[in-house]
>>> print(open('coords.txt').read())   # compact mmCIF, C-alpha atoms
# COMPACT_ATOMS: atom_id res chain seq x y z
CA MET A 1 -49.87 -16.85 -11.59
CA SER A 2 -50.89 -14.19 -14.10
CA GLU A 3 -48.31 -12.68 -16.41
CA VAL A 4 -46.54 -9.48 -15.47
CA ILE A 5 -45.45 -7.28 -18.36
CA ASP A 6 -42.60 -4.90 -17.58
CA ALA A 7 -43.21 -1.71 -19.53
CA THR A 8 -40.99 0.52 -17.39
CA GLY A 9 -38.68 2.85 -19.32
CA LEU A 10 -40.46 2.26 -22.60
CA SER A 11 -41.35 5.16 -24.88
CA CYS A 12 -44.82 6.05 -26.01
CA PRO A 13 -46.66 4.09 -27.49
CA LYS A 14 -44.87 0.88 -26.48
CA PRO A 15 -46.62 0.32 -23.10
CA VAL A 16 -50.03 0.55 -24.76
CA MET A 17 -48.92 -1.66 -27.65
CA LEU A 18 -47.76 -4.37 -25.22
CA MET A 19 -51.01 -4.16 -23.26
CA VAL A 20 -53.17 -4.37 -26.39
CA LYS A 21 -51.18 -7.34 -27.68
CA LYS A 22 -51.67 -9.20 -24.42
CA LEU A 23 -55.35 -8.31 -24.17
CA LYS A 24 -55.95 -9.58 -27.71
CA SER A 25 -54.19 -12.86 -26.94
CA ILE A 26 -56.31 -13.82 -23.94
CA GLU A 27 -60.01 -14.67 -24.22
CA ASN A 28 -60.54 -14.17 -20.57
CA GLY A 29 -58.16 -13.88 -17.67
CA GLU A 30 -55.97 -11.36 -15.96
CA PHE A 31 -52.52 -9.92 -16.32
CA SER A 32 -50.48 -7.08 -14.92
CA ILE A 33 -48.47 -4.39 -16.63
CA ILE A 34 -45.94 -2.20 -14.85
CA VAL A 35 -45.34 1.38 -16.00
CA ASP A 36 -43.24 4.07 -14.40
CA ASN A 37 -45.06 7.30 -15.24
CA ASP A 38 -48.52 8.84 -15.07
CA THR A 39 -48.86 9.33 -18.82
CA ALA A 40 -48.32 5.64 -19.54
CA LYS A 41 -50.70 4.72 -16.73
CA GLU A 42 -53.43 6.97 -18.18
CA ASN A 43 -52.88 5.71 -21.72
CA VAL A 44 -52.87 2.03 -20.73
CA CYS A 45 -56.02 2.37 -18.62
CA ARG A 46 -57.88 4.41 -21.23
CA THR A 47 -57.02 2.01 -24.06
CA ALA A 48 -57.79 -1.10 -22.02
CA GLU A 49 -61.21 0.17 -21.10
CA GLU A 50 -61.97 1.17 -24.68
CA ARG A 51 -61.46 -2.48 -25.55
CA ASN A 52 -62.49 -5.56 -23.65
CA GLY A 53 -60.32 -4.83 -20.64
CA LYS A 54 -61.23 -3.62 -17.20
CA ILE A 55 -58.90 -2.16 -14.61
CA ILE A 56 -59.05 -4.37 -11.56
CA SER A 57 -56.63 -2.36 -9.49
CA ILE A 58 -53.60 -0.11 -9.65
CA GLU A 59 -50.89 -0.56 -7.03
CA ARG A 60 -47.84 1.56 -6.37
CA GLU A 61 -44.60 -0.33 -6.10
CA GLN A 62 -41.20 1.35 -5.81
CA GLY A 63 -42.39 4.45 -7.64
CA ASN A 64 -44.00 2.42 -10.44
CA TYR A 65 -47.65 1.63 -11.16
CA VAL A 66 -48.68 -2.03 -11.32
CA ILE A 67 -51.89 -2.08 -13.33
CA ASN A 68 -53.95 -5.22 -12.95
CA ILE A 69 -56.18 -5.77 -15.96
CA GLY A 70 -58.89 -8.33 -16.52
CA THR A 71 -61.21 -9.07 -19.39
CA LYS A 72 -64.78 -7.76 -19.36
CA MET B 73 -53.23 20.02 -7.97
CA ASN B 74 -54.71 16.56 -8.40
CA ARG B 75 -57.98 17.96 -9.67
CA ILE B 76 -56.17 20.07 -12.28
CA LYS B 77 -54.12 17.07 -13.33
CA ASN B 78 -57.10 14.79 -13.64
CA PHE B 79 -59.09 17.30 -15.65
CA PHE B 80 -56.47 18.14 -18.29
CA ALA B 81 -55.56 14.50 -18.82
CA GLY B 82 -59.18 13.57 -19.50
CA LYS B 83 -61.40 13.71 -22.55
CA TRP B 84 -62.53 17.33 -22.10
CA GLY B 85 -59.20 18.39 -20.70
CA ILE B 86 -57.35 17.82 -23.93
CA ILE B 87 -60.04 19.60 -25.94
CA VAL B 88 -59.79 22.58 -23.61
CA THR B 89 -56.01 22.42 -24.00
CA GLY B 90 -56.38 22.68 -27.78
CA ILE B 91 -58.64 25.68 -27.34
CA ILE B 92 -56.20 27.41 -24.98
CA ILE B 93 -53.23 26.75 -27.27
CA GLY B 94 -55.29 28.14 -30.15
CA LEU B 95 -56.10 31.27 -28.14
CA ALA B 96 -52.45 31.56 -27.15
CA ALA B 97 -51.28 31.24 -30.75
CA ILE B 98 -53.65 33.89 -32.04
CA ALA B 99 -52.78 36.17 -29.14
CA LEU B 100 -49.07 35.88 -29.89
CA GLN B 101 -49.77 36.54 -33.56
CA TYR B 102 -51.81 39.58 -32.58
CA PHE B 103 -48.97 40.87 -30.41
CA GLY B 104 -46.39 40.56 -33.14
CA ASN B 105 -45.43 36.98 -34.00
CA PRO B 106 -45.50 36.23 -37.72
CA LYS B 107 -48.81 35.35 -39.37
CA ASN B 108 -49.94 31.77 -38.93
CA MET B 109 -46.97 31.39 -36.61
CA GLY B 110 -48.21 32.15 -33.12
CA PHE B 111 -46.32 28.98 -32.27
CA CYS B 112 -43.91 27.04 -34.35
CA ILE B 113 -41.49 24.86 -32.47
CA ALA B 114 -39.41 24.29 -35.61
CA CYS B 115 -39.32 27.93 -36.75
CA PHE B 116 -38.69 29.15 -33.22
CA THR B 117 -35.90 26.63 -32.65
CA ARG B 118 -34.43 27.83 -35.93
CA ASP B 119 -34.66 31.43 -34.73
CA ILE B 120 -32.90 30.52 -31.48
CA ALA B 121 -30.18 28.77 -33.51
CA GLY B 122 -29.75 32.02 -35.38
CA ALA B 123 -29.75 34.14 -32.23
CA ILE B 124 -26.86 32.19 -30.76
CA GLY B 125 -24.95 32.10 -34.03
CA LEU B 126 -25.38 28.49 -35.16
CA HIS B 127 -26.37 29.93 -38.52
CA ARG B 128 -26.26 33.42 -40.03
CA ALA B 129 -29.56 33.64 -41.90
CA GLY B 130 -30.42 37.26 -41.23
CA VAL B 131 -34.17 36.77 -41.31
CA ALA B 132 -34.21 34.05 -38.65
CA GLN B 133 -32.35 35.30 -35.61
CA TYR B 134 -34.32 35.78 -32.42
CA LEU B 135 -34.16 34.04 -29.09
CA ARG B 136 -37.81 33.01 -28.96
CA PRO B 137 -38.96 33.18 -25.34
CA GLU B 138 -41.88 30.85 -26.13
CA ILE B 139 -39.57 27.83 -26.37
CA ILE B 140 -37.90 28.71 -23.07
CA ALA B 141 -41.26 29.23 -21.39
CA ILE B 142 -42.82 25.99 -22.64
CA VAL B 143 -39.95 24.00 -21.14
CA LEU B 144 -39.93 25.94 -17.88
CA GLY B 145 -43.73 25.81 -17.59
CA SER B 146 -43.60 22.06 -17.96
CA PHE B 147 -40.71 21.87 -15.51
CA LEU B 148 -42.49 23.91 -12.84
CA ILE B 149 -45.79 22.02 -13.01
CA ALA B 150 -43.98 18.68 -13.18
CA VAL B 151 -42.06 19.50 -10.02
CA LEU B 152 -45.24 20.67 -8.27
CA THR B 153 -47.15 17.52 -9.21
CA ARG B 154 -44.21 15.17 -8.60
CA GLU B 155 -43.94 14.25 -12.24
CA PHE B 156 -40.39 15.55 -12.59
CA LYS B 157 -38.57 12.27 -13.19
CA PRO B 158 -35.02 12.48 -14.48
CA ARG B 159 -34.56 9.64 -16.91
CA GLY B 160 -32.72 8.77 -20.08
CA GLY B 161 -30.48 6.35 -21.87
CA SER B 162 -32.84 5.25 -24.63
CA SER B 163 -30.55 5.57 -27.66
CA PRO B 164 -29.83 9.28 -27.13
CA ILE B 165 -27.64 9.62 -30.20
CA ILE B 166 -30.37 8.22 -32.43
CA ARG B 167 -32.81 10.67 -30.89
CA PHE B 168 -30.36 13.51 -31.55
CA LEU B 169 -30.22 12.47 -35.20
CA LEU B 170 -34.00 12.14 -35.36
CA GLY B 171 -34.25 15.71 -34.07
CA MET B 172 -31.92 16.90 -36.83
CA PHE B 173 -33.94 15.24 -39.56
CA ALA B 174 -37.21 16.33 -38.01
CA ILE B 175 -36.29 19.98 -38.25
CA ILE B 176 -34.74 19.59 -41.69
CA GLY B 177 -38.06 18.18 -42.92
CA SER B 178 -40.06 20.80 -41.05
CA LEU B 179 -38.00 23.65 -42.50
CA VAL B 180 -38.70 22.39 -46.02
CA PHE B 181 -42.42 22.70 -45.26
CA LEU B 182 -41.77 25.78 -43.11
CA GLY B 183 -43.57 24.59 -40.02
CA CYS B 184 -43.80 22.05 -37.26
CA PRO B 185 -47.03 20.07 -36.74
CA TRP B 186 -48.45 22.83 -34.52
CA ARG B 187 -47.76 25.40 -37.23
CA ALA B 188 -49.21 23.12 -39.90
CA ILE B 189 -52.46 23.25 -37.95
CA LEU B 190 -52.18 27.03 -37.45
CA ARG B 191 -51.52 27.53 -41.16
CA LEU B 192 -54.53 25.47 -42.12
CA GLY B 193 -56.63 27.37 -39.59
CA GLY B 194 -55.44 30.59 -41.22
CA GLY B 195 -56.61 29.46 -44.66
CA ASP B 196 -53.21 28.40 -45.98
CA LEU B 197 -54.22 25.45 -48.14
CA ASN B 198 -50.57 24.48 -48.70
CA ALA B 199 -50.80 23.07 -45.18
CA ILE B 200 -53.08 20.33 -46.52
CA PHE B 201 -50.06 18.82 -48.25
CA GLY B 202 -47.98 19.30 -45.13
CA ILE B 203 -50.51 17.57 -42.92
CA GLY B 204 -50.92 14.86 -45.55
CA GLY B 205 -47.17 14.33 -45.50
CA LEU B 206 -47.19 14.27 -41.71
CA MET B 207 -49.85 11.57 -41.73
CA ALA B 208 -47.91 9.53 -44.27
CA GLY B 209 -44.71 9.82 -42.25
CA ILE B 210 -46.45 8.87 -39.04
CA TYR B 211 -48.17 5.94 -40.75
CA LEU B 212 -44.79 4.72 -41.93
CA GLY B 213 -43.60 5.09 -38.35
CA THR B 214 -46.43 2.88 -37.10
CA ILE B 215 -45.40 0.19 -39.58
CA PHE B 216 -41.93 0.20 -38.05
CA LEU B 217 -43.38 0.23 -34.53
CA LYS B 218 -45.51 -2.81 -35.31
CA GLY B 219 -42.43 -4.44 -36.81
CA GLY B 220 -40.63 -4.21 -33.49
CA TYR B 221 -38.77 -0.89 -33.83
CA ASP B 222 -37.72 0.30 -30.40
CA LEU B 223 -35.06 2.61 -29.03
CA GLY B 224 -34.69 0.63 -25.84
CA ARG B 225 -35.58 1.30 -22.26
CA SER B 226 -34.71 4.47 -20.50
CA ARG B 227 -33.62 4.31 -16.89
CA LYS B 228 -33.92 6.61 -13.94
CA MET B 229 -31.19 9.20 -13.65
CA LYS B 230 -30.05 11.60 -11.00
CA ALA B 231 -31.59 15.04 -10.66
CA THR B 232 -28.45 16.67 -12.09
CA ALA B 233 -29.08 15.04 -15.46
CA GLY B 234 -32.74 16.00 -15.51
CA LEU B 235 -31.99 19.60 -14.60
CA ILE B 236 -29.56 20.25 -17.45
CA PHE B 237 -32.12 21.11 -20.14
CA PRO B 238 -34.31 23.33 -17.93
CA GLY B 239 -31.01 24.87 -16.83
CA ILE B 240 -30.04 25.59 -20.43
CA MET B 241 -33.40 27.32 -20.88
CA ILE B 242 -32.77 29.47 -17.81
CA GLY B 243 -29.37 30.28 -19.26
CA LEU B 244 -30.95 31.39 -22.53
CA LEU B 245 -33.42 33.52 -20.57
CA ALA B 246 -30.50 35.14 -18.79
CA LEU B 247 -28.96 35.94 -22.17
CA ILE B 248 -32.15 37.71 -23.27
CA ILE B 249 -32.09 39.77 -20.09
CA VAL B 250 -28.39 40.62 -20.29
CA PHE B 251 -28.39 41.24 -24.05
CA PRO B 252 -31.84 42.63 -24.88
CA GLN B 253 -32.81 43.63 -28.37
CA VAL B 254 -31.85 47.13 -29.44
CA SER B 255 -34.15 48.38 -32.17
CA GLY B 256 -32.58 48.26 -35.62
CA ILE B 257 -29.29 46.78 -34.40
CA ILE B 258 -28.31 43.32 -35.66
CA LYS B 259 -26.31 42.27 -32.64
CA SER B 260 -26.73 42.98 -28.96
CA GLY B 261 -23.68 41.74 -27.08
CA ILE B 262 -23.37 38.11 -28.10
CA LEU B 263 -26.90 37.63 -29.42
CA PHE B 264 -28.05 38.15 -32.99
CA TYR B 265 -31.38 39.88 -33.59
CA SER B 266 -33.03 39.97 -37.02
CA THR B 267 -33.92 43.43 -38.23
CA LYS B 268 -36.07 42.08 -41.06
CA GLY B 269 -38.07 38.98 -41.97
CA PRO B 270 -39.88 36.60 -39.63
CA GLY B 271 -37.12 36.85 -37.02
CA ALA B 272 -37.91 40.52 -36.62
CA MET B 273 -41.59 39.81 -35.98
CA HIS B 274 -42.26 38.91 -32.42
CA ALA B 275 -44.48 39.65 -29.50
CA PRO B 276 -43.00 41.51 -26.54
CA VAL B 277 -40.73 39.27 -24.47
CA LEU B 278 -42.92 39.30 -21.36
CA ILE B 279 -46.03 38.35 -23.32
CA SER B 280 -44.17 35.53 -25.09
CA LEU B 281 -42.92 34.26 -21.74
CA ALA B 282 -46.29 34.45 -20.01
CA VAL B 283 -48.17 32.75 -22.84
CA GLY B 284 -45.46 30.15 -23.28
CA LEU B 285 -45.56 29.31 -19.57
CA ILE B 286 -49.32 28.73 -19.69
CA VAL B 287 -48.98 26.53 -22.76
CA GLY B 288 -46.12 24.58 -21.19
CA ILE B 289 -48.18 23.93 -18.08
CA ILE B 290 -51.35 22.74 -19.82
CA ALA B 291 -49.45 20.82 -22.48
CA GLN B 292 -47.65 18.92 -19.71
CA ARG B 293 -50.86 18.22 -17.79
CA SER B 294 -52.81 17.11 -20.86
CA ARG B 295 -49.91 15.20 -22.57
CA PHE B 296 -50.85 17.17 -25.71
CA CYS B 297 -49.22 15.64 -28.77
CA THR B 298 -50.24 16.15 -32.39
CA ILE B 299 -48.09 13.29 -33.68
CA GLY B 300 -49.46 10.98 -31.01
CA GLY B 301 -52.91 12.01 -32.20
CA PHE B 302 -52.44 10.56 -35.68
CA ARG B 303 -50.36 7.67 -34.42
CA ASP B 304 -52.96 6.51 -31.90
CA LEU B 305 -55.63 6.84 -34.57
CA PHE B 306 -53.65 4.54 -36.89
CA LEU B 307 -52.48 2.09 -34.23
CA PHE B 308 -55.44 1.89 -31.85
CA LYS B 309 -58.30 3.71 -33.62
CA GLN B 310 -58.21 6.05 -30.65
CA PHE B 311 -59.46 9.64 -30.85
CA HIS B 312 -58.26 11.06 -27.54
CA LEU B 313 -55.08 12.90 -28.59
CA ILE B 314 -56.33 13.87 -32.04
CA SER B 315 -59.30 15.61 -30.45
CA GLY B 316 -56.84 18.10 -28.99
CA ALA B 317 -55.37 18.80 -32.42
CA VAL B 318 -58.83 19.18 -33.93
CA SER B 319 -59.92 21.58 -31.20
CA LEU B 320 -56.76 23.62 -31.82
CA LEU B 321 -57.58 23.79 -35.53
CA LEU B 322 -61.19 24.80 -35.00
CA THR B 323 -60.27 27.43 -32.39
CA VAL B 324 -57.71 29.05 -34.67
CA PHE B 325 -60.07 28.89 -37.64
CA VAL B 326 -62.87 30.64 -35.75
CA LEU B 327 -60.58 33.27 -34.24
CA ASN B 328 -58.99 34.05 -37.60
CA LEU B 329 -62.45 34.47 -39.11
CA LEU B 330 -63.54 36.77 -36.29
CA LEU B 331 -60.38 38.87 -36.47
CA GLY B 332 -60.36 39.06 -40.25
CA THR B 333 -57.00 37.33 -40.50
CA PHE B 334 -58.35 34.32 -42.39
CA ASN B 335 -56.95 34.23 -45.91
CA LEU B 336 -57.94 31.22 -48.00
CA GLY B 337 -55.68 30.08 -50.79
CA PHE B 338 -52.39 28.65 -51.95
CA GLU B 339 -50.46 31.66 -53.19
CA GLY B 340 -49.00 34.48 -51.18
CA GLN B 341 -49.44 32.82 -47.82
CA PRO B 342 -47.29 34.15 -44.95
CA VAL B 343 -43.92 32.39 -44.55
CA ALA B 344 -45.00 29.61 -46.87
CA HIS B 345 -44.37 28.28 -50.34
CA SER B 346 -46.65 26.44 -52.75
CA SER B 347 -44.55 23.52 -53.86
CA TRP B 348 -47.07 20.82 -53.02
CA ALA B 349 -44.58 17.99 -53.52
CA TRP B 350 -41.99 19.35 -51.10
CA ASN B 351 -44.57 20.53 -48.59
CA PHE B 352 -45.68 16.92 -48.59
CA LEU B 353 -42.29 15.22 -48.66
CA GLY B 354 -40.69 17.54 -46.13
CA MET B 355 -43.38 16.60 -43.66
CA VAL B 356 -43.14 12.90 -44.50
CA LEU B 357 -39.55 13.16 -43.27
CA ALA B 358 -40.54 15.21 -40.24
CA GLY B 359 -43.54 13.01 -39.43
CA LEU B 360 -41.48 9.85 -39.60
CA ALA B 361 -38.78 11.40 -37.41
CA PHE B 362 -41.33 12.51 -34.80
CA ALA B 363 -43.04 9.13 -34.85
CA LEU B 364 -39.75 7.28 -34.40
CA ALA B 365 -38.87 9.64 -31.54
CA GLY B 366 -42.24 9.17 -29.85
CA GLY B 367 -43.77 12.62 -30.08
CA CYS B 368 -44.13 15.97 -31.75
CA PRO B 369 -41.55 18.68 -31.02
CA GLY B 370 -43.83 20.49 -28.60
CA ARG B 371 -44.23 17.26 -26.64
CA GLN B 372 -40.47 16.68 -26.73
CA LEU B 373 -39.91 20.11 -25.14
CA VAL B 374 -42.51 19.36 -22.47
CA LEU B 375 -40.93 15.97 -21.74
CA ALA B 376 -37.50 17.59 -21.57
CA GLY B 377 -38.95 19.93 -18.96
CA GLU B 378 -40.08 16.87 -16.99
CA GLY B 379 -36.52 15.59 -16.83
CA ASP B 380 -36.61 13.32 -19.87
CA THR B 381 -33.04 13.64 -21.15
CA ASP B 382 -33.83 11.59 -24.27
CA ALA B 383 -36.40 14.22 -25.28
CA ALA B 384 -33.78 16.85 -24.43
CA MET B 385 -31.35 15.17 -26.84
CA PHE B 386 -34.02 15.24 -29.53
CA SER B 387 -34.60 18.96 -28.90
CA LEU B 388 -30.87 19.66 -29.01
CA GLY B 389 -30.75 17.71 -32.27
CA MET B 390 -33.41 20.04 -33.60
CA LEU B 391 -31.36 23.08 -32.57
CA THR B 392 -28.23 21.68 -34.21
CA GLY B 393 -30.20 20.61 -37.28
CA ALA B 394 -31.56 24.13 -37.65
CA GLY B 395 -28.04 25.49 -37.82
CA VAL B 396 -27.01 22.82 -40.32
CA ALA B 397 -30.17 23.33 -42.37
CA HIS B 398 -29.48 27.01 -42.93
CA ASN B 399 -25.74 26.66 -43.42
CA PHE B 400 -26.13 23.84 -45.93
CA LEU B 401 -29.01 25.51 -47.84
CA LEU B 402 -31.52 22.83 -46.86
CA THR B 403 -34.33 25.14 -45.82
CA ALA B 404 -37.15 26.46 -47.93
CA SER B 405 -38.33 30.05 -48.08
CA PRO B 406 -41.43 31.70 -49.52
CA LYS B 407 -39.60 31.54 -52.86
CA GLY B 408 -39.45 27.75 -52.74
CA ILE B 409 -37.18 24.99 -51.56
CA GLY B 410 -33.47 25.46 -50.96
CA ALA B 411 -30.60 24.40 -53.18
CA HIS B 412 -30.09 21.12 -51.31
CA SER B 413 -33.52 20.58 -49.77
CA ALA B 414 -34.43 17.77 -52.14
CA PHE B 415 -31.26 15.84 -51.45
CA ALA B 416 -31.62 16.31 -47.71
CA VAL B 417 -35.21 15.07 -47.64
CA ILE B 418 -34.50 11.98 -49.74
CA PHE B 419 -31.31 11.22 -47.82
CA GLY B 420 -33.09 11.75 -44.51
CA LEU B 421 -35.92 9.44 -45.48
CA ALA B 422 -33.43 6.75 -46.46
CA VAL B 423 -31.59 7.03 -43.14
CA LEU B 424 -34.79 6.99 -41.09
CA VAL B 425 -36.16 3.99 -42.97
CA LEU B 426 -32.93 2.14 -42.16
CA ILE B 427 -33.21 3.13 -38.49
CA GLY B 428 -36.87 2.16 -38.37
CA PHE B 429 -36.20 -1.17 -40.01
CA PHE B 430 -33.04 -2.24 -38.24
CA ASN B 431 -33.36 -0.74 -34.78
CA LYS B 432 -35.25 -3.44 -33.00
CA GLU B 433 -34.62 -3.94 -29.34
CA GLU B 434 -35.73 -6.84 -27.24
CA VAL B 435 -38.04 -5.30 -24.69
>>> encode(input="coords.txt", output="structure tokens")
Amino acid sequence: MSEVIDATGLSCPKPVMLMVKKLKSIENGEFSIIVDNDTAKENVCRTAEERNGKIISIEREQGNYVINIGTK
Amino acid sequence: MNRIKNFFAGKWGIIVTGIIIGLAAIALQYFGNPKNMGFCIACFTRDIAGAIGLHRAGVAQYLRPEIIAIVLGSFLIAVLTREFKPRGGSSPIIRFLLGMFAIIGSLVFLGCPWRAILRLGGGDLNAIFGIGGLMAGIYLGTIFLKGGYDLGRSRKMKATAGLIFPGIMIGLLALIIVFPQVSGIIKSGILFYSTKGPGAMHAPVLISLAVGLIVGIIAQRSRFCTIGGFRDLFLFKQFHLISGAVSLLLTVFVLNLLLGTFNLGFEGQPVAHSSWAWNFLGMVLAGLAFALAGGCPGRQLVLAGEGDTDAAMFSLGMLTGAGVAHNFLLTASPKGIGAHSAFAVIFGLAVLVLIGFFNKEEV
């Protein structure tokens, strides 16, 4: 069961900081991060892909975005 | 709508946004706003504070329509694209205080981050110290962020809460309509209008509104944020947001050169002073406040338009702080810093360092 990080309600740049911290800590694997607005979604996806992350999928759940990220 | 959204949020979108804001700023300057002040969220908030009587500095009293229009532009496009999301509850009183210190610092430098860029693009080399201070303040902010500083989660709120700030802007617009400026007269009904100084220099109301609306719309779509630009550079070595700030600077620089309004130097710059130390330190305070609050004042207005009541509290803190700054002699002027500017900046830095250090939330 991969980890799910709840980044809902967090101010810029916290969602990205949490994602980067998680991405750095895993050599390879997957995790999910939940954000509640488009800006955070764009920032998380952009930053993940600039590093060794790839966006596996983005699901909508109760108005939030569940971003599934894996390592490249 | 989706295609517009996707474009402005992308790599070229934010660069185009910087260009459009640059064009808008020079246009407003051309139509009457003060030099190197096509936009200044801090100066304009200060002018609004004066217009509604929160302070009585005669040179800074005008209900700047640009501020109203940026918020309403963001509000309208957010509603249309379903990004209007009423939310709040993330330490609002701290954000209010951050807004107060942000404008106190900005009014020592005499500009918000947008204006710092406009001043530099106009040849005002004093802005180098301001931008340097901004970078130092933001860098300090990133140290606190990495140390766990957090203002806590916001939560969804009802539409009534999210509509308050856009509603206040509509109310201010109504005041302009009901009590329009009468040439040469200091007061029209309940509103104050400068008859001299920067407050007396402004573009026609309709032009300010139209340009402000456009800027509000594209700033919302692109998530334009000058503070975020430096912050993301320091934290993530990311160039996305800063590219918008750079494109704004280059646009303004080129337009000023073409129009002959470029004036290189330190002395005699419009609505500016040459105290390098206080230009720097004022913006260290402002930069740290913006970084702790999560965005530059233009971004805070845009977020407030989207229903973010925490950003609205920050913006109201700025309005209140502007009144306090003038009443307590904390602001600078072209002659130099105010009687109590130095104390306010040092005190503010001390308070913000304490907040940055101690305000850690488990998230």
>>> residues_around(input="coords.txt", residues="Val4 in chain A", least_positions_apart="3", cutoff="10 Å", atoms="all atoms listed in the file", output="JSON, numbers by chain")
{"A": [1, 7, 30, 31, 32, 33, 34, 66, 67, 68]}
>>> residues_around(input="coords.txt", residues="Phe362 in chain B", least_positions_apart="4", cutoff="8 Å", atoms="all atoms listed in the file", output="JSON, numbers by chain")
{"B": [170, 171, 174, 210, 299, 358, 366, 367, 368, 369]}
>>> atom_distance(input="coords.txt", atom1="CA of Lys107 in chain B", atom2="CA of Leu353 in chain B")
23.1 Å
>>> interface_residues(input="coords.txt", of="chain B", to="chain A", cutoff="6 Å", atoms="only C-alpha atoms", output="JSON, numbers by chain")
{"B": [225, 226, 227, 366]}
>>> closest_residue(input="coords.txt", among="B:Gly194, B:Pro185, B:Pro406, B:Gly301", to="Gly370 in chain B", atoms="all atoms listed in the file")
B:Pro185
>>> residues_around(input="coords.txt", residues="range 335-343 of chain B", least_positions_apart="6", cutoff="10 Å", atoms="all atoms listed in the file", output="list in words")
Pro106, Lys107, Asn108, Met109, Phe181, Leu182, Gly183, Arg191, Leu192, Gly193, Gly194, Gly195, Asp196, Leu197, Asn198, Ala199, Ile200, Gly269, Pro270, Asn328, Leu329, Ala404, Ser405, Pro406 and Lys407 of chain B
>>> write_last_selection(input="coords.txt", atoms="C-alpha atoms", output="PDB file, in the frame of the given file")
ATOM      1  CA  PRO B 106     -45.500  36.230 -37.720  1.00  0.00           C
ATOM      2  CA  LYS B 107     -48.810  35.350 -39.370  1.00  0.00           C
ATOM      3  CA  ASN B 108     -49.940  31.770 -38.930  1.00  0.00           C
ATOM      4  CA  MET B 109     -46.970  31.390 -36.610  1.00  0.00           C
ATOM      5  CA  PHE B 181     -42.420  22.700 -45.260  1.00  0.00           C
ATOM      6  CA  LEU B 182     -41.770  25.780 -43.110  1.00  0.00           C
ATOM      7  CA  GLY B 183     -43.570  24.590 -40.020  1.00  0.00           C
ATOM      8  CA  ARG B 191     -51.520  27.530 -41.160  1.00  0.00           C
ATOM      9  CA  LEU B 192     -54.530  25.470 -42.120  1.00  0.00           C
ATOM     10  CA  GLY B 193     -56.630  27.370 -39.590  1.00  0.00           C
ATOM     11  CA  GLY B 194     -55.440  30.590 -41.220  1.00  0.00           C
ATOM     12  CA  GLY B 195     -56.610  29.460 -44.660  1.00  0.00           C
ATOM     13  CA  ASP B 196     -53.210  28.400 -45.980  1.00  0.00           C
ATOM     14  CA  LEU B 197     -54.220  25.450 -48.140  1.00  0.00           C
ATOM     15  CA  ASN B 198     -50.570  24.480 -48.700  1.00  0.00           C
ATOM     16  CA  ALA B 199     -50.800  23.070 -45.180  1.00  0.00           C
ATOM     17  CA  ILE B 200     -53.080  20.330 -46.520  1.00  0.00           C
ATOM     18  CA  GLY B 269     -38.070  38.980 -41.970  1.00  0.00           C
ATOM     19  CA  PRO B 270     -39.880  36.600 -39.630  1.00  0.00           C
ATOM     20  CA  ASN B 328     -58.990  34.050 -37.600  1.00  0.00           C
ATOM     21  CA  LEU B 329     -62.450  34.470 -39.110  1.00  0.00           C
ATOM     22  CA  ALA B 404     -37.150  26.460 -47.930  1.00  0.00           C
ATOM     23  CA  SER B 405     -38.330  30.050 -48.080  1.00  0.00           C
ATOM     24  CA  PRO B 406     -41.430  31.700 -49.520  1.00  0.00           C
ATOM     25  CA  LYS B 407     -39.600  31.540 -52.860  1.00  0.00           C
TER      26      LYS B 407
END
>>> closest_residue(input="coords.txt", among="B:His345, B:Thr403, B:Ile87, B:Ala275", to="Phe311 in chain B", atoms="all atoms listed in the file")
B:Ile87
>>> residues_around(input="coords.txt", residues="range 243-248 of chain B", least_positions_apart="4", cutoff="9 Å", atoms="all atoms listed in the file", output="PyMOL selection string")
chain B and resi 135+137+140-141+238-239+252-253+262-263+277
>>> atom_distance(input="coords.txt", atom1="CA of Val324 in chain B", atom2="CA of Thr298 in chain B")
15.1 Å
>>> axis_aligned_box(input="coords.txt", around="range 328-345 of chain B", padding_each_side="4 Å", output="AutoDock Vina command-line options")
--center_x -53.7 --center_y 33.7 --center_z -44.7 --size_x 27.6 --size_y 18.8 --size_z 24.9
>>> residues_near_point(input="coords.txt", point="(-60.1, -8.3, -19.1)", cutoff="8 Å", atoms="all atoms listed in the file", output="number ranges by chain")
A: 23, 28-30, 52-55, 69-72
>>> residues_around(input="coords.txt", residues="Val131 in chain B", least_positions_apart="3", cutoff="10 Å", atoms="only C-alpha atoms", output="PyMOL selection string")
chain B and resi 119+122+128+134+265-273
>>> write_last_selection(input="coords.txt", atoms="C-alpha atoms", output="PDB file, keeping the file's coordinate frame")
ATOM      1  CA  ASP B 119     -34.660  31.430 -34.730  1.00  0.00           C
ATOM      2  CA  GLY B 122     -29.750  32.020 -35.380  1.00  0.00           C
ATOM      3  CA  ARG B 128     -26.260  33.420 -40.030  1.00  0.00           C
ATOM      4  CA  TYR B 134     -34.320  35.780 -32.420  1.00  0.00           C
ATOM      5  CA  TYR B 265     -31.380  39.880 -33.590  1.00  0.00           C
ATOM      6  CA  SER B 266     -33.030  39.970 -37.020  1.00  0.00           C
ATOM      7  CA  THR B 267     -33.920  43.430 -38.230  1.00  0.00           C
ATOM      8  CA  LYS B 268     -36.070  42.080 -41.060  1.00  0.00           C
ATOM      9  CA  GLY B 269     -38.070  38.980 -41.970  1.00  0.00           C
ATOM     10  CA  PRO B 270     -39.880  36.600 -39.630  1.00  0.00           C
ATOM     11  CA  GLY B 271     -37.120  36.850 -37.020  1.00  0.00           C
ATOM     12  CA  ALA B 272     -37.910  40.520 -36.620  1.00  0.00           C
ATOM     13  CA  MET B 273     -41.590  39.810 -35.980  1.00  0.00           C
TER      14      MET B 273
END
